[in-house]
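Presented below is the structure to which this report refers.
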Amino acid sequence: MEPRYWNEDIETIQPAVLGQLESQYLQAQLDYVWTCSAFYQAKFAEAGVKRQAIRELADLPLLPFTEKDECRRNQQEHPPFGSYLATNQEQLIRAHKTSGTTGRALYVALTRGDRNLMNECAARSYWASGLRPSDTVVHCLNYRLWVGGFSDHENLEATGATVVPFGVGQTALLIQTIRELQVNAISATPSYMLPLIEAVLAQGLNPRELGLRKGFFGAEPGMSEPGLRARMEETWGRRAMYANFGMADILSMMGSECDFRQGLHFHAQGAVAVELIEPETGTPLTLTEGAEGELVYTHLLKEAQPLMRYRARDVVRILGTGACACGRTSFRFRILGRSDDMLHVRGVNIFPTAVGNTLAHLSDRLSGEFQIIVDHPPPHQYLRVRVELAQQLAPAHVEDLPQQIIQALREQLNFRAEPELVPYGTLPRTEQKARRVIKAYEQADS
């Protein structure tokens with residue numbers, strides 16, 4: 001009989017037991033960092049933190065945060081991997097690069113142990129979302145340096161599934177490959193599905209006839225938009241799962257949905273410790289149902305580049321901390337956005353994902369593609385939102401659509417928008433992460 005969990009012991013572990021286990025791992029990780037990471041030796045000395053002060057997870061707030069900009073500067077000063085590389089070259093087996101959508105990309109090194117741990121946590125995630133050894137899944141993420149390419153290919157294989165290493169581009173060949181190999185599942189970003197469906201329709205095909213019964217998506221927050229998910233499921237006739245939450249600098253995959261789709265399960269138990277903080281002040285918050293804040297990550301078993309209290313700027317809402325109906329005991333959460341993408345409009349915090357969720361209610365007249373154009377630094381009195389029309393809607397027939405957009409954003413998100421409607425196909429399609437916030441003033445300065 002097919003097992004319900006990839007790793008039942010850790011996925012159903014009681015929180016108190018997990019806390020004890022992770023506190024033990026933390027002690028070993030800190031000993032390693034204090035001994036082997038020149039970056040943290042200097043950082044902790046400057047902060048006046050003594051090793052003996054950190055005895056358990058509850059002591060983590062005594063350590064200073066690690067910011068991504070710090071790591072960027074450090075890699076520039078100590079190329080290629082920075083002085084937070086805690087191992088020697090002979091132990092490294094792989095190098096990746098972050099996407100760089102929020103600044104200069106980071107190089108990420110992996111040891112064999114790091115790779116194995118990544119595969120384990122990813123297998124928990126994919127298994128929870130429904131991937132099985134009987135599936136043939138085509139992997140459509142960029143293999144060029146990006147962790148979502150080659151490493152996530154390995155992660156898919158870890159479940160026992162048959163993986164077709166396709167990558168991005170050449171959609172006509174992709175369609176042919178899906179049909180010839182009888183592929184029944186796809187792994188991609190949500191954004192990638194738009195150019196794919198355009199290619200399918202251009203060939204006169206019905207997307208449902210391709211036989212893709214499972215979809216595993218991630219690497220961007222599009223799956224948090226209910227309208228986008230609903231359109232994908234209606235178009236393809238398959239269940240679209242948010243199956244891939246993670247980041248190269250911490251762990252390629254740390255979260256996914258289960259069959260009950262009550263938020264993302266955190267699947268990196270025993271590998272990454274998590275805190276919740278208030279984004280503006282950094283004040284620790286209790287990780288409890290209904291809480292909103294920014295997740296902070298601390299490696300527990302990392303060899304190459306261990307990071308302590310790392311701020312990746314993920315702002316979330318905690319949806320549950322008790323056992324899920326699926327039996328997993330990890331906390332469940334929903335991504336609200338990134339704190340460095342958060343915009344302040346007359347005292348109101350606005351996330352691009354929330355804008356997308358609101359526009360999704362007009363999906364019969366909009367394509368789903370949009371950009372928030374920011375012309376100047378804050379404060380903002382309003383936001384200019386560039387919105388792409390649905391394929392069948394000509395600009396001459398928009399009628400009261402601009403007013404509907406203004407009203408929807410005001411009622412749902414409490415800010416004033418100035419919509420700019422553009423014809424279908426105007427906004428760029430992406431095979432990786434969609435950029436929703438365009439800070440035009442920064443581009444002008446550069």
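Each chain in the structure tokens gets a letter, A, B, ..., in the order shown, and its residues are numbered from 1; ligands are numbered from 1 in order too.
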
Among segment 112-181 of chain A, which ones does DSSP place in strand (DSSP E), written as a tab-separated table (two decimals) with N, CA and C atoms, in the first residue's frame?
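Output file selection_0.tsv is given in full below:
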chain	number	residue	atom	x	y	z
A	136	THR	N	4.91	10.67	-14.46
A	136	THR	CA	5.95	11.21	-15.34
A	136	THR	C	5.76	12.72	-15.38
A	137	VAL	N	6.74	13.44	-14.87
A	137	VAL	CA	6.62	14.89	-14.70
A	137	VAL	C	7.65	15.60	-15.56
A	138	VAL	N	7.19	16.57	-16.34
A	138	VAL	CA	8.10	17.38	-17.14
A	138	VAL	C	8.47	18.61	-16.32
A	139	HIS	N	9.77	18.84	-16.20
A	139	HIS	CA	10.28	19.92	-15.35
A	139	HIS	C	10.64	21.12	-16.23
A	162	THR	N	9.28	9.69	-12.55
A	162	THR	CA	10.07	9.82	-13.77
A	162	THR	C	10.08	11.28	-14.18
A	163	VAL	N	11.28	11.86	-14.33
A	163	VAL	CA	11.40	13.29	-14.58
A	163	VAL	C	11.93	13.53	-15.99
A	164	VAL	N	11.26	14.40	-16.73
A	164	VAL	CA	11.68	14.80	-18.07
A	164	VAL	C	12.33	16.17	-17.96
A	165	PRO	N	13.64	16.29	-18.18
A	165	PRO	CA	14.36	17.55	-17.97
A	165	PRO	C	14.23	18.49	-19.15

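Take the candidates A:Met342, A:Leu63, A:Leu383, A:Leu196 and check each one against Tyr310 of chain A using only C-alpha atoms; the shortest distance goes to A:Leu63.
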
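What separates atom CA of Asp135 of chain A from atom CA of Ala219 of chain A is a distance of 21.2 Å.
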
DSSP alpha helix (DSSP H) selection over segment 24-260 of chain A, as a ChimeraX atom specification
/A:24-36,38-47,68-77,112-128,150-158,171-180,193-202,226-236

Would you pick out the contacts of Ala396 of chain A at 12 Å or less, using only C-alpha atoms, so that residues sharing its chain but fewer than 4 positions from it are not included, and give the list as a PDB file with C-alpha atoms, in the first residue's frame?
ATOM      1  CA  LEU A 389      -6.801  43.183 -21.017  1.00  0.00           C
ATOM      2  CA  GLN A 392     -10.882  38.814 -26.543  1.00  0.00           C
ATOM      3  CA  ASP A 400     -16.439  51.072 -17.288  1.00  0.00           C
ATOM      4  CA  LEU A 401     -13.575  48.628 -16.607  1.00  0.00           C
ATOM      5  CA  LEU A 421      -5.120  49.428 -19.471  1.00  0.00           C
ATOM      6  CA  VAL A 422      -2.918  47.843 -22.132  1.00  0.00           C
ATOM      7  CA  PRO A 423      -3.795  45.365 -24.915  1.00  0.00           C
TER       8      PRO A 423
END

Return as a tab-separated table the residues of segment 290-339 of chain A lying at most 8 Å from segment 253-268 of chain A, together with the closest atom-to-atom pair for each and the distance in Å to one decimal, counting only C-alpha atoms, with rows in chain order and ascending residue number.
residue	atom	partner	partner_atom	distance
A:Leu319	CA	A:Gly263	CA	6.6
A:Ala325	CA	A:Phe260	CA	7.2
A:Cys326	CA	A:Phe260	CA	7.1
A:Ser330	CA	A:Phe266	CA	5.7
A:Phe331	CA	A:Phe266	CA	6.0
A:Arg332	CA	A:His265	CA	4.6
A:Phe333	CA	A:Leu264	CA	5.2
A:Arg334	CA	A:Gly263	CA	5.6

Export of the given selection (N, CA, C and O atoms) as a PDB file, in the first residue's frame:
ATOM      1  N   LEU A 319      -1.768  30.126   9.344  1.00  0.00           N
ATOM      2  CA  LEU A 319      -3.128  29.605   9.204  1.00  0.00           C
ATOM      3  C   LEU A 319      -3.453  28.516  10.211  1.00  0.00           C
ATOM      4  O   LEU A 319      -4.625  28.260  10.489  1.00  0.00           O
ATOM      5  N   ALA A 325      -5.749  18.038   8.927  1.00  0.00           N
ATOM      6  CA  ALA A 325      -6.579  16.870   8.650  1.00  0.00           C
ATOM      7  C   ALA A 325      -5.784  15.758   7.971  1.00  0.00           C
ATOM      8  O   ALA A 325      -6.157  14.578   8.050  1.00  0.00           O
ATOM      9  N   CYS A 326      -4.667  16.116   7.325  1.00  0.00           N
ATOM     10  CA  CYS A 326      -3.821  15.110   6.677  1.00  0.00           C
ATOM     11  C   CYS A 326      -2.955  14.368   7.681  1.00  0.00           C
ATOM     12  O   CYS A 326      -2.322  13.369   7.337  1.00  0.00           O
ATOM     13  N   SER A 330       3.218  20.072  11.179  1.00  0.00           N
ATOM     14  CA  SER A 330       3.939  21.325  10.938  1.00  0.00           C
ATOM     15  C   SER A 330       2.963  22.486  10.843  1.00  0.00           C
ATOM     16  O   SER A 330       1.790  22.314  10.499  1.00  0.00           O
ATOM     17  N   PHE A 331       3.448  23.697  11.149  1.00  0.00           N
ATOM     18  CA  PHE A 331       2.578  24.864  11.018  1.00  0.00           C
ATOM     19  C   PHE A 331       2.259  25.116   9.555  1.00  0.00           C
ATOM     20  O   PHE A 331       3.003  24.728   8.653  1.00  0.00           O
ATOM     21  N   ARG A 332       1.124  25.764   9.319  1.00  0.00           N
ATOM     22  CA  ARG A 332       0.663  26.062   7.965  1.00  0.00           C
ATOM     23  C   ARG A 332       0.569  27.579   7.798  1.00  0.00           C
ATOM     24  O   ARG A 332       0.203  28.295   8.739  1.00  0.00           O
ATOM     25  N   PHE A 333       0.876  28.046   6.603  1.00  0.00           N
ATOM     26  CA  PHE A 333       0.965  29.492   6.398  1.00  0.00           C
ATOM     27  C   PHE A 333       0.593  29.860   4.973  1.00  0.00           C
ATOM     28  O   PHE A 333       0.531  29.006   4.081  1.00  0.00           O
ATOM     29  N   ARG A 334       0.330  31.141   4.786  1.00  0.00           N
ATOM     30  CA  ARG A 334       0.065  31.681   3.446  1.00  0.00           C
ATOM     31  C   ARG A 334       0.995  32.865   3.226  1.00  0.00           C
ATOM     32  O   ARG A 334       1.170  33.717   4.107  1.00  0.00           O
TER      33      ARG A 334
END

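We find atom CA of Leu174 of chain A and atom CA of Gln203 of chain A to be spaced 12.4 Å apart.
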
Which residues, written as a compact mmCIF listing (two decimals) with C-alpha atoms, in the first residue's frame, have at least one atom at most 6 Å from Val147 of chain A, with only C-alpha atoms counted and residues fewer than 4 positions away on the same chain left out?
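Written file, around33.txt:
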# COMPACT_ATOMS: atom_id res chain seq x y z
CA HIS A 96 23.89 27.79 -7.85
CA SER A 151 18.45 20.78 -8.08
CA ALA A 248 18.28 28.88 -2.89

Do you know which residues are at most 12 Å from Tyr25 of chain A counting only C-alpha atoms, after dropping those on the same chain fewer than 4 positions away, and could you put them as a compact mmCIF listing (two decimals) with all heavy atoms, in the first residue's frame?
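What follows is the written file out_12.txt:
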# COMPACT_ATOMS: atom_id res chain seq x y z
N LEU A 18 9.82 18.05 18.61
CA LEU A 18 10.56 18.74 17.56
C LEU A 18 11.41 19.86 18.15
O LEU A 18 12.57 20.05 17.74
CB LEU A 18 9.59 19.32 16.51
CG LEU A 18 10.23 20.12 15.38
CD1 LEU A 18 11.15 19.23 14.53
CD2 LEU A 18 9.17 20.77 14.49
N GLY A 19 10.86 20.61 19.09
CA GLY A 19 11.62 21.69 19.71
C GLY A 19 12.88 21.18 20.39
O GLY A 19 13.94 21.80 20.29
N GLN A 20 12.78 20.04 21.08
CA GLN A 20 13.95 19.46 21.74
C GLN A 20 14.99 19.03 20.70
O GLN A 20 16.19 19.28 20.86
CB GLN A 20 13.52 18.27 22.58
CG GLN A 20 12.64 18.63 23.78
CD GLN A 20 12.10 17.40 24.48
OE1 GLN A 20 12.36 16.26 24.08
NE2 GLN A 20 11.33 17.61 25.54
N LEU A 21 14.50 18.40 19.63
CA LEU A 21 15.41 17.93 18.57
C LEU A 21 16.13 19.10 17.91
O LEU A 21 17.36 19.07 17.74
CB LEU A 21 14.61 17.13 17.54
CG LEU A 21 15.40 16.58 16.34
CD1 LEU A 21 16.38 15.51 16.79
CD2 LEU A 21 14.44 16.03 15.28
N GLN A 29 25.13 23.11 15.30
CA GLN A 29 25.31 24.05 14.20
C GLN A 29 26.06 25.30 14.66
O GLN A 29 26.96 25.80 13.95
CB GLN A 29 23.94 24.46 13.63
CG GLN A 29 24.02 25.39 12.42
CD GLN A 29 24.34 24.68 11.12
OE1 GLN A 29 23.46 24.25 10.40
NE2 GLN A 29 25.62 24.54 10.80
N LEU A 30 25.74 25.81 15.85
CA LEU A 30 26.43 27.00 16.36
C LEU A 30 27.89 26.71 16.67
O LEU A 30 28.77 27.56 16.42
CB LEU A 30 25.71 27.52 17.60
CG LEU A 30 24.38 28.24 17.34
CD1 LEU A 30 23.68 28.57 18.66
CD2 LEU A 30 24.58 29.51 16.52
N ASP A 31 28.19 25.54 17.21
CA ASP A 31 29.59 25.16 17.43
C ASP A 31 30.35 25.19 16.11
O ASP A 31 31.49 25.69 16.04
CB ASP A 31 29.67 23.75 18.05
CG ASP A 31 29.24 23.72 19.51
OD1 ASP A 31 29.20 24.80 20.15
OD2 ASP A 31 28.93 22.62 20.00
N TYR A 32 29.72 24.66 15.08
CA TYR A 32 30.34 24.61 13.74
C TYR A 32 30.54 26.02 13.20
O TYR A 32 31.63 26.35 12.70
CB TYR A 32 29.43 23.79 12.83
CG TYR A 32 29.88 23.66 11.39
CD1 TYR A 32 30.97 22.89 11.05
CD2 TYR A 32 29.17 24.30 10.37
CE1 TYR A 32 31.37 22.75 9.73
CE2 TYR A 32 29.56 24.17 9.05
CZ TYR A 32 30.66 23.40 8.73
OH TYR A 32 31.05 23.28 7.42
N ARG A 55 21.56 28.58 24.24
CA ARG A 55 21.41 27.21 24.73
C ARG A 55 20.24 26.47 24.09
O ARG A 55 20.19 25.25 24.12
CB ARG A 55 21.23 27.23 26.25
CG ARG A 55 22.41 27.82 27.00
CD ARG A 55 22.19 27.81 28.50
NE ARG A 55 23.31 28.39 29.21
CZ ARG A 55 24.42 27.72 29.54
NH1 ARG A 55 24.51 26.43 29.24
NH2 ARG A 55 25.40 28.31 30.18
N GLU A 56 19.27 27.23 23.55
CA GLU A 56 18.09 26.59 22.95
C GLU A 56 17.49 27.54 21.92
O GLU A 56 17.95 28.68 21.74
CB GLU A 56 17.06 26.26 24.03
CG GLU A 56 16.63 27.46 24.86
CD GLU A 56 15.71 27.07 26.00
OE1 GLU A 56 15.39 25.87 26.11
OE2 GLU A 56 15.31 27.96 26.75
N LEU A 57 16.44 27.08 21.24
CA LEU A 57 15.82 27.88 20.19
C LEU A 57 15.33 29.22 20.72
O LEU A 57 15.40 30.24 20.01
CB LEU A 57 14.64 27.11 19.57
CG LEU A 57 14.97 25.86 18.75
CD1 LEU A 57 13.69 25.16 18.35
CD2 LEU A 57 15.81 26.20 17.52
N GLN A 269 11.23 20.77 8.86
CA GLN A 269 11.43 20.46 10.28
C GLN A 269 12.75 19.71 10.46
O GLN A 269 13.07 18.79 9.72
CB GLN A 269 10.29 19.59 10.82
CG GLN A 269 8.90 20.08 10.53
CD GLN A 269 8.29 19.36 9.35
OE1 GLN A 269 8.89 19.30 8.28
NE2 GLN A 269 7.11 18.79 9.55
N GLY A 270 13.52 20.13 11.46
CA GLY A 270 14.79 19.47 11.72
C GLY A 270 15.92 19.94 10.84
O GLY A 270 17.07 19.53 11.04
N ALA A 271 15.63 20.77 9.85
CA ALA A 271 16.66 21.30 8.95
C ALA A 271 16.81 22.81 9.08
O ALA A 271 17.92 23.34 8.97
CB ALA A 271 16.33 20.94 7.50
N VAL A 272 15.70 23.49 9.32
CA VAL A 272 15.69 24.95 9.41
C VAL A 272 14.78 25.36 10.57
O VAL A 272 13.63 24.92 10.63
CB VAL A 272 15.18 25.61 8.10
CG1 VAL A 272 15.12 27.13 8.23
CG2 VAL A 272 16.07 25.21 6.93
N ALA A 273 15.28 26.18 11.47
CA ALA A 273 14.46 26.74 12.55
C ALA A 273 13.85 28.04 12.06
O ALA A 273 14.47 28.81 11.32
CB ALA A 273 15.30 27.00 13.80
N THR A 298 16.96 30.01 10.34
CA THR A 298 18.27 29.62 10.88
C THR A 298 18.56 28.18 10.49
O THR A 298 17.77 27.27 10.78
CB THR A 298 18.30 29.75 12.41
OG1 THR A 298 18.18 31.13 12.78
CG2 THR A 298 19.60 29.20 12.99
N HIS A 299 19.68 27.97 9.81
CA HIS A 299 20.08 26.61 9.44
C HIS A 299 20.40 25.80 10.69
O HIS A 299 20.96 26.32 11.66
CB HIS A 299 21.31 26.64 8.54
CG HIS A 299 21.02 26.98 7.12
ND1 HIS A 299 21.67 27.97 6.42
CD2 HIS A 299 20.12 26.46 6.24
CE1 HIS A 299 21.21 28.03 5.19
NE2 HIS A 299 20.27 27.13 5.06
N LEU A 300 20.10 24.51 10.62
CA LEU A 300 20.39 23.60 11.73
C LEU A 300 21.38 22.50 11.35
O LEU A 300 22.03 21.93 12.23
CB LEU A 300 19.09 22.94 12.22
CG LEU A 300 18.04 23.90 12.81
CD1 LEU A 300 16.76 23.14 13.11
CD2 LEU A 300 18.57 24.60 14.05
N LEU A 301 21.49 22.20 10.06
CA LEU A 301 22.36 21.10 9.61
C LEU A 301 23.18 21.49 8.38
O LEU A 301 23.66 20.62 7.65
CB LEU A 301 21.51 19.86 9.28
CG LEU A 301 20.71 19.24 10.43
CD1 LEU A 301 19.75 18.17 9.91
CD2 LEU A 301 21.65 18.63 11.46
N LYS A 302 23.37 22.75 8.16
CA LYS A 302 24.03 23.23 6.94
C LYS A 302 25.55 23.12 7.05
O LYS A 302 26.13 23.42 8.09
CB LYS A 302 23.64 24.69 6.70
CG LYS A 302 24.10 25.26 5.37
CD LYS A 302 23.27 24.75 4.22
CE LYS A 302 23.55 25.54 2.94
NZ LYS A 302 22.74 25.09 1.82

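With atom CA of Ala42 of chain A on one side and atom CA of Arg338 of chain A on the other, the separation reads 28.6 Å.
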
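Distance annotation: of A:Gln41, A:Thr321, A:Gln176, A:Ser252, the residue with the minimal separation from Ser125 of chain A is A:Ser252; atom set is only C-alpha atoms.
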
Quick one: residues within 8 Å of segment 4-10 of chain A, only C-alpha atoms, excluding same-chain residues fewer than 3 positions away - as JSON, numbers by chain?
{"A": [13, 123, 124, 127, 128, 269, 270]}

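When only C-alpha atoms are used to compute distances to His376 of chain A, the closest of the residues A:Arg208, A:Arg238, A:Lys439, A:Lys214 turns out to be A:Lys439.
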
With distances taken over only C-alpha atoms, which residue among A:Ala360, A:Leu131, A:Ala243, A:Val274 lies nearest Thr286 of chain A?
A:Val274
